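Containing mmCIF, C-alpha atoms: final37.cif.
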data_start
loop_
_atom_site.label_atom_id
_atom_site.label_comp_id
_atom_site.auth_asym_id
_atom_site.auth_seq_id
_atom_site.Cartn_x
_atom_site.Cartn_y
_atom_site.Cartn_z
CA MET A 223 0.00 0.00 0.00
CA GLU A 224 2.87 2.34 0.83
CA LYS A 225 4.38 1.94 -2.64
CA LYS A 226 1.07 2.77 -4.36
CA LEU A 227 0.64 5.89 -2.23
CA ARG A 228 4.17 7.07 -2.94
CA THR A 229 3.84 6.42 -6.68
CA HIS A 230 0.52 8.31 -6.67
CA ILE A 231 1.96 11.32 -4.83
CA GLU A 232 5.10 11.38 -6.96
CA GLU A 233 3.04 11.74 -10.13
CA VAL A 234 2.69 15.33 -8.88
CA VAL A 235 5.55 16.06 -6.43
CA VAL A 236 8.83 14.31 -5.64
CA LEU A 237 9.48 13.27 -2.04
CA THR A 238 12.61 12.27 -0.19
CA ASP A 239 12.52 8.94 1.65
CA ASN A 240 12.35 10.80 4.94
CA GLU A 241 9.46 13.02 3.77
CA PHE A 242 7.50 10.02 2.55
CA SER A 243 8.13 8.11 5.75
CA ASN A 244 6.73 11.00 7.81
CA ILE A 245 3.77 11.45 5.47
CA ASN A 246 2.98 7.75 5.32
CA ALA A 247 2.89 7.61 9.13
CA LEU A 248 -0.16 9.91 9.03
CA PHE A 249 -2.22 7.34 7.08
CA THR A 250 -3.93 4.23 8.44
CA PRO A 251 -4.44 1.19 6.19
CA LYS A 252 -7.86 -0.49 6.32
CA LYS A 253 -9.55 -3.34 4.46
CA PHE A 254 -13.26 -3.54 3.73
CA LYS A 255 -15.39 -6.30 2.25
CA LYS A 256 -17.83 -5.95 -0.64
CA LYS A 257 -21.06 -4.22 0.51
CA GLU A 258 -19.40 -2.90 3.69
CA PHE A 259 -19.84 0.80 4.51
CA LEU A 260 -16.92 3.14 5.14
CA ILE A 261 -19.32 6.03 5.84
CA GLU A 262 -23.00 5.86 6.71
CA GLU A 263 -25.41 8.77 6.45
CA GLY A 264 -25.96 10.39 9.84
CA ASN A 265 -22.65 9.23 11.33
CA ASP A 266 -19.40 11.09 11.92
CA VAL A 267 -16.98 11.23 8.99
CA LYS A 268 -13.60 10.41 10.46
CA TYR A 269 -11.53 9.97 7.31
CA ALA A 270 -10.84 10.79 3.70
CA TYR A 271 -9.87 7.65 1.81
CA PHE A 272 -7.21 6.93 -0.79
CA VAL A 273 -8.28 3.83 -2.72
CA VAL A 274 -5.37 1.40 -3.06
CA SER A 275 -7.48 -1.39 -4.58
CA GLY A 276 -11.19 -1.98 -5.02
CA LEU A 277 -14.21 0.08 -5.93
CA LEU A 278 -16.47 2.39 -3.90
CA LYS A 279 -19.73 4.24 -4.51
CA LEU A 280 -20.80 7.46 -2.83
CA THR A 281 -24.58 7.80 -2.52
CA TYR A 282 -27.08 10.38 -1.35
CA THR A 283 -30.61 9.42 -0.32
CA ASN A 284 -33.23 12.14 -0.60
CA GLU A 285 -36.13 12.76 1.80
CA SER A 286 -38.47 10.48 -0.16
CA GLY A 287 -35.95 7.62 0.09
CA LYS A 288 -34.65 7.70 -3.47
CA SER A 289 -30.95 6.89 -3.69
CA HIS A 290 -28.64 8.81 -6.03
CA ILE A 291 -25.10 7.74 -6.88
CA ILE A 292 -22.86 10.78 -6.64
CA SER A 293 -19.63 9.09 -7.70
CA PHE A 294 -17.58 5.95 -7.98
CA ALA A 295 -14.00 5.72 -6.73
CA MET A 296 -11.47 3.18 -7.92
CA GLU A 297 -7.72 2.77 -7.54
CA ASN A 298 -5.75 6.00 -7.05
CA TRP A 299 -8.89 8.03 -6.34
CA TRP A 300 -9.72 9.91 -3.16
CA GLU A 301 -13.21 9.77 -1.70
CA SER A 302 -15.23 10.81 1.33
CA ASP A 303 -18.31 12.81 2.23
CA PHE A 304 -16.08 15.85 1.90
CA PRO A 305 -18.56 18.49 3.18
CA ALA A 306 -18.99 16.48 6.41
CA TYR A 307 -15.29 15.61 6.62
CA PHE A 308 -14.05 19.19 6.32
CA THR A 309 -16.76 20.73 8.52
CA GLN A 310 -16.80 17.84 11.00
CA THR A 311 -20.57 17.44 10.74
CA LYS A 312 -22.67 14.30 10.32
CA ALA A 313 -22.55 12.52 6.97
CA SER A 314 -25.27 13.35 4.46
CA MET A 315 -23.97 10.62 2.14
CA SER A 316 -22.90 6.99 2.42
CA LEU A 317 -19.72 5.39 1.06
CA GLN A 318 -19.97 1.68 0.30
CA CYS A 319 -17.74 -0.99 -1.25
CA LEU A 320 -18.77 -2.50 -4.57
CA GLU A 321 -15.73 -4.81 -4.33
CA ASP A 322 -13.38 -5.88 -1.56
CA THR A 323 -11.39 -2.69 -1.02
CA ASN A 324 -8.09 -1.60 0.53
CA VAL A 325 -7.77 2.05 1.48
CA LEU A 326 -5.42 4.39 3.25
CA CYS A 327 -7.33 6.64 5.66
CA ILE A 328 -6.35 10.11 6.79
CA SER A 329 -8.10 11.95 9.61
CA LEU A 330 -8.80 15.66 9.26
CA GLU A 331 -6.23 16.36 11.97
CA ASN A 332 -3.58 14.44 10.03
CA TYR A 333 -4.71 16.00 6.74
CA GLN A 334 -4.15 19.45 8.24
CA LYS A 335 -0.84 18.32 9.72
CA VAL A 336 0.43 16.97 6.39
CA CYS A 337 -0.51 20.25 4.69
CA SER A 338 1.14 22.43 7.32
CA GLN A 339 4.31 20.36 7.64
CA PHE A 340 4.89 19.51 3.97
CA GLN A 341 4.31 22.26 1.43
CA LYS A 342 4.74 19.65 -1.32
CA MET A 343 1.76 17.73 0.06
CA GLU A 344 -0.32 20.87 0.29
CA SER A 345 0.36 21.41 -3.43
CA PHE A 346 -0.40 17.76 -4.18
CA LEU A 347 -3.70 17.77 -2.25
CA LEU A 348 -4.72 21.08 -3.82
CA LYS A 349 -4.15 19.61 -7.28
CA LYS A 350 -6.23 16.54 -6.37
CA ALA A 351 -9.01 18.72 -4.94
CA ASN A 352 -9.03 20.88 -8.06
CA SER A 353 -9.28 17.77 -10.25
CA GLY A 354 -12.24 16.67 -8.13
CA PHE A 355 -13.95 20.05 -8.51
CA ILE A 356 -13.44 19.93 -12.27
CA GLY A 357 -14.83 16.39 -12.46
CA ALA A 358 -17.86 17.29 -10.35
CA GLN A 359 -18.68 20.33 -12.49
CA LYS A 360 -18.31 18.33 -15.70
CA ARG A 361 -20.69 15.73 -14.28
CA ILE A 362 -23.25 18.41 -13.35
CA ILE A 363 -23.04 19.95 -16.84
CA SER A 364 -23.38 16.51 -18.40
CA LEU A 365 -26.49 15.78 -16.33
CA LEU A 366 -27.98 19.15 -17.34
CA THR A 367 -27.16 19.07 -21.04
CA SER A 368 -26.74 15.47 -22.22
CA ASN A 369 -29.18 12.65 -22.80
CA ALA A 370 -28.63 9.19 -21.32
CA LYS A 371 -26.88 7.85 -24.42
CA GLU A 372 -24.45 10.81 -24.45
CA ARG A 373 -23.75 10.44 -20.71
CA TYR A 374 -23.04 6.74 -21.18
CA ALA A 375 -20.68 7.49 -24.11
CA GLN A 376 -18.86 10.16 -22.08
CA LEU A 377 -18.38 7.79 -19.14
CA SER A 378 -17.30 4.97 -21.43
CA LYS A 379 -14.72 7.19 -23.14
CA GLN A 380 -13.37 8.72 -19.93
CA TYR A 381 -13.27 5.55 -17.78
CA PRO A 382 -13.49 2.48 -20.05
CA GLY A 383 -12.25 0.01 -17.40
CA LEU A 384 -14.70 1.28 -14.83
CA LEU A 385 -17.80 0.26 -16.79
CA GLN A 386 -16.80 -3.42 -16.66
CA ARG A 387 -16.64 -3.30 -12.85
CA ILE A 388 -19.91 -1.55 -12.05
CA PRO A 389 -23.12 -3.62 -11.74
CA LYS A 390 -25.63 -2.53 -14.39
CA THR A 391 -28.22 -1.45 -11.82
CA GLN A 392 -25.63 0.83 -10.17
CA LEU A 393 -24.53 2.21 -13.53
CA ALA A 394 -28.17 2.99 -14.41
CA LEU A 395 -28.60 4.89 -11.11
CA TYR A 396 -25.41 6.86 -11.76
CA LEU A 397 -26.54 7.81 -15.26
CA GLY A 398 -30.03 8.69 -14.03
CA VAL A 399 -31.83 6.12 -16.18
CA SER A 400 -33.81 2.93 -15.62
CA ARG A 401 -32.14 -0.48 -15.91
CA GLU A 402 -34.21 -1.09 -19.05
CA THR A 403 -33.02 2.14 -20.68
CA LEU A 404 -29.43 1.19 -19.88
CA SER A 405 -29.96 -2.20 -21.55
CA ARG A 406 -31.11 -0.41 -24.70
CA LEU A 407 -27.94 1.74 -24.63
CA TYR A 408 -25.83 -1.44 -24.65
CA SER A 409 -27.57 -2.85 -27.73
#
Could you quickly redo this structure as structure tokens?
Amino acid sequence: MEKKLRTHIEEVVVLTDNEFSNINALFTPKKFKKKEFLIEEGNDVKYAYFVVSGLLKLTYTNESGKSHIISFAMENWWESDFPAYFTQTKASMSLQCLEDTNVLCISLENYQKVCSQFQKMESFLLKKANSGFIGAQKRIISLLTSNAKERYAQLSKQYPGLLQRIPKTQLALYLGVSRETLSRLYS
């Protein structure tokens, strides 16, 4: 897990062995089984997660009980209920494993510590956050301006390997279509 984290960070910034050792000490490795929750709506959000292996889905359930998939997170992605994590409020979303998953967890206290002690990591995390903001805005624009077939094509082009790993019912929820409509998109 350490090697994957270091490789991931060094795609953006180069670290000395000593720097990485100190940074790595701020993360906690955890393993979760398929269908297990890392975050449940209404609970405290203790960590942001770096996905070493596996696949996660972040969901929001509205007042009428309808579930919406906000995002998927696979290897080398970061995920959490970020509004709750950064404001230390109760989760409004749930984070669940779609596969057995290994993650590296970082508490908000350690996140702030890594940013204040390592300017390189502050730059790295800012770049990752900016990429997340860009991705979220592209997804919103896609939902507002594209039909289901176009959204499916965009997702397929951007993350071809991801589509093979997501159950069709979950993919349909993410795209905002019925399972039947998704089946027609495949044909």
Ground truth for the PyMOL selection byres ((chain A and resi 261) around 9), written as a CSV table (one decimal) with C-alpha atoms, in the frame of the given file:
chain,number,residue,atom,x,y,z
A,259,PHE,CA,-19.8,0.8,4.5
A,260,LEU,CA,-16.9,3.1,5.1
A,262,GLU,CA,-23.0,5.9,6.7
A,263,GLU,CA,-25.4,8.8,6.4
A,264,GLY,CA,-26.0,10.4,9.8
A,265,ASN,CA,-22.6,9.2,11.3
A,266,ASP,CA,-19.4,11.1,11.9
A,267,VAL,CA,-17.0,11.2,9.0
A,268,LYS,CA,-13.6,10.4,10.5
A,269,TYR,CA,-11.5,10.0,7.3
A,280,LEU,CA,-20.8,7.5,-2.8
A,302,SER,CA,-15.2,10.8,1.3
A,303,ASP,CA,-18.3,12.8,2.2
A,313,ALA,CA,-22.6,12.5,7.0
A,315,MET,CA,-24.0,10.6,2.1
A,316,SER,CA,-22.9,7.0,2.4
A,317,LEU,CA,-19.7,5.4,1.1
A,318,GLN,CA,-20.0,1.7,0.3
message = List as a VMD selection string the residues having at least one atom at most 7 Å from position (3.1, 21.7, -8.2) as given in the file, counting all atoms listed in the file.
response = chain A and resid 234 to 235 345 to 346
List, as a tab-separated table (two decimals) with C-alpha atoms, in the coordinates of the input, every residue that the PyMOL selection byres ((chain A and resi 394) around 12) selects in the file provided.
chain	number	residue	atom	x	y	z
A	289	SER	CA	-30.95	6.89	-3.69
A	290	HIS	CA	-28.64	8.81	-6.03
A	291	ILE	CA	-25.10	7.74	-6.88
A	370	ALA	CA	-28.63	9.19	-21.32
A	371	LYS	CA	-26.88	7.85	-24.42
A	373	ARG	CA	-23.75	10.44	-20.71
A	374	TYR	CA	-23.04	6.74	-21.18
A	377	LEU	CA	-18.38	7.79	-19.14
A	385	LEU	CA	-17.80	0.26	-16.79
A	388	ILE	CA	-19.91	-1.55	-12.05
A	389	PRO	CA	-23.12	-3.62	-11.74
A	390	LYS	CA	-25.63	-2.53	-14.39
A	391	THR	CA	-28.22	-1.45	-11.82
A	392	GLN	CA	-25.63	0.83	-10.17
A	393	LEU	CA	-24.53	2.21	-13.53
A	395	LEU	CA	-28.60	4.89	-11.11
A	396	TYR	CA	-25.41	6.86	-11.76
A	397	LEU	CA	-26.54	7.81	-15.26
A	398	GLY	CA	-30.03	8.69	-14.03
A	399	VAL	CA	-31.83	6.12	-16.18
A	400	SER	CA	-33.81	2.93	-15.62
A	401	ARG	CA	-32.14	-0.48	-15.91
A	402	GLU	CA	-34.21	-1.09	-19.05
A	403	THR	CA	-33.02	2.14	-20.68
A	404	LEU	CA	-29.43	1.19	-19.88
A	405	SER	CA	-29.96	-2.20	-21.55
A	406	ARG	CA	-31.11	-0.41	-24.70
A	407	LEU	CA	-27.94	1.74	-24.63
A	408	TYR	CA	-25.83	-1.44	-24.65
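Proximity of A:Ile362, A:Leu248, A:Lys226, A:Ser314 to Asn284 of chain A, computed with all atoms listed in the file, is greatest for A:Ser314.
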Met296 of chain A environment, 12 Å, only C-alpha atoms, sequence neighbours closer than 4 positions dropped, as a ChimeraX atom specification = /A:271-280,300-301,318-325,381,383-385,387-388
How about saving the chosen residues, C-alpha atoms kept, as a PDB file, keeping the file's coordinate frame?
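Listing of out11.pdb after writing:
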ATOM      1  CA  TYR A 271      -9.870   7.650   1.810  1.00  0.00           C
ATOM      2  CA  PHE A 272      -7.210   6.930  -0.790  1.00  0.00           C
ATOM      3  CA  VAL A 273      -8.280   3.830  -2.720  1.00  0.00           C
ATOM      4  CA  VAL A 274      -5.370   1.400  -3.060  1.00  0.00           C
ATOM      5  CA  SER A 275      -7.480  -1.390  -4.580  1.00  0.00           C
ATOM      6  CA  GLY A 276     -11.190  -1.980  -5.020  1.00  0.00           C
ATOM      7  CA  LEU A 277     -14.210   0.080  -5.930  1.00  0.00           C
ATOM      8  CA  LEU A 278     -16.470   2.390  -3.900  1.00  0.00           C
ATOM      9  CA  LYS A 279     -19.730   4.240  -4.510  1.00  0.00           C
ATOM     10  CA  LEU A 280     -20.800   7.460  -2.830  1.00  0.00           C
ATOM     11  CA  TRP A 300      -9.720   9.910  -3.160  1.00  0.00           C
ATOM     12  CA  GLU A 301     -13.210   9.770  -1.700  1.00  0.00           C
ATOM     13  CA  GLN A 318     -19.970   1.680   0.300  1.00  0.00           C
ATOM     14  CA  CYS A 319     -17.740  -0.990  -1.250  1.00  0.00           C
ATOM     15  CA  LEU A 320     -18.770  -2.500  -4.570  1.00  0.00           C
ATOM     16  CA  GLU A 321     -15.730  -4.810  -4.330  1.00  0.00           C
ATOM     17  CA  ASP A 322     -13.380  -5.880  -1.560  1.00  0.00           C
ATOM     18  CA  THR A 323     -11.390  -2.690  -1.020  1.00  0.00           C
ATOM     19  CA  ASN A 324      -8.090  -1.600   0.530  1.00  0.00           C
ATOM     20  CA  VAL A 325      -7.770   2.050   1.480  1.00  0.00           C
ATOM     21  CA  TYR A 381     -13.270   5.550 -17.780  1.00  0.00           C
ATOM     22  CA  GLY A 383     -12.250   0.010 -17.400  1.00  0.00           C
ATOM     23  CA  LEU A 384     -14.700   1.280 -14.830  1.00  0.00           C
ATOM     24  CA  LEU A 385     -17.800   0.260 -16.790  1.00  0.00           C
ATOM     25  CA  ARG A 387     -16.640  -3.300 -12.850  1.00  0.00           C
ATOM     26  CA  ILE A 388     -19.910  -1.550 -12.050  1.00  0.00           C
TER      27      ILE A 388
END
inquiry  = Please determine, counting all atoms listed in the file, which residue among A:Lys350, A:Phe254, A:Tyr333, A:Gln341 has the shortest atom-to-atom distance to His230 of chain A.
reply    =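 Among the listed residues, the smallest separation from His230 of chain A belongs to A:Lys350.
Minimum atom-to-atom distances from A:Asn298, A:Thr229, A:Gln339, A:Ser286 to Asn244 of chain A were compared using all atoms listed in the file, and the lowest value belongs to A:Gln339.
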query = Which is closest to Glu241 of chain A among A:Lys342, A:Lys360, A:Lys379, A:Lys257, if we use all atoms listed in the file?
reply =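 Result for the nearest residue to Glu241 of chain A: A:Lys342.
Of note, atom CA of Tyr307 of chain A and atom CA of Glu285 of chain A are spaced 21.6 Å apart.
A straight line drawn from atom CA of Ser329 of chain A to atom CA of Gln359 of chain A is 25.9 Å long.
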Gap from atom CA of Ser378 of chain A to atom CA of Ser293 of chain A - Å, one decimal = 14.5 Å
From A:Phe249, A:Leu237, A:Glu232, A:Pro382, residue lying nearest Lys335 of chain A [all atoms listed in the file] = A:Phe249
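Minimum distance to Thr238 of chain A across A:Lys312, A:Phe340, A:Glu297, A:Gly354 (counting all atoms listed in the file) occurs at A:Phe340.
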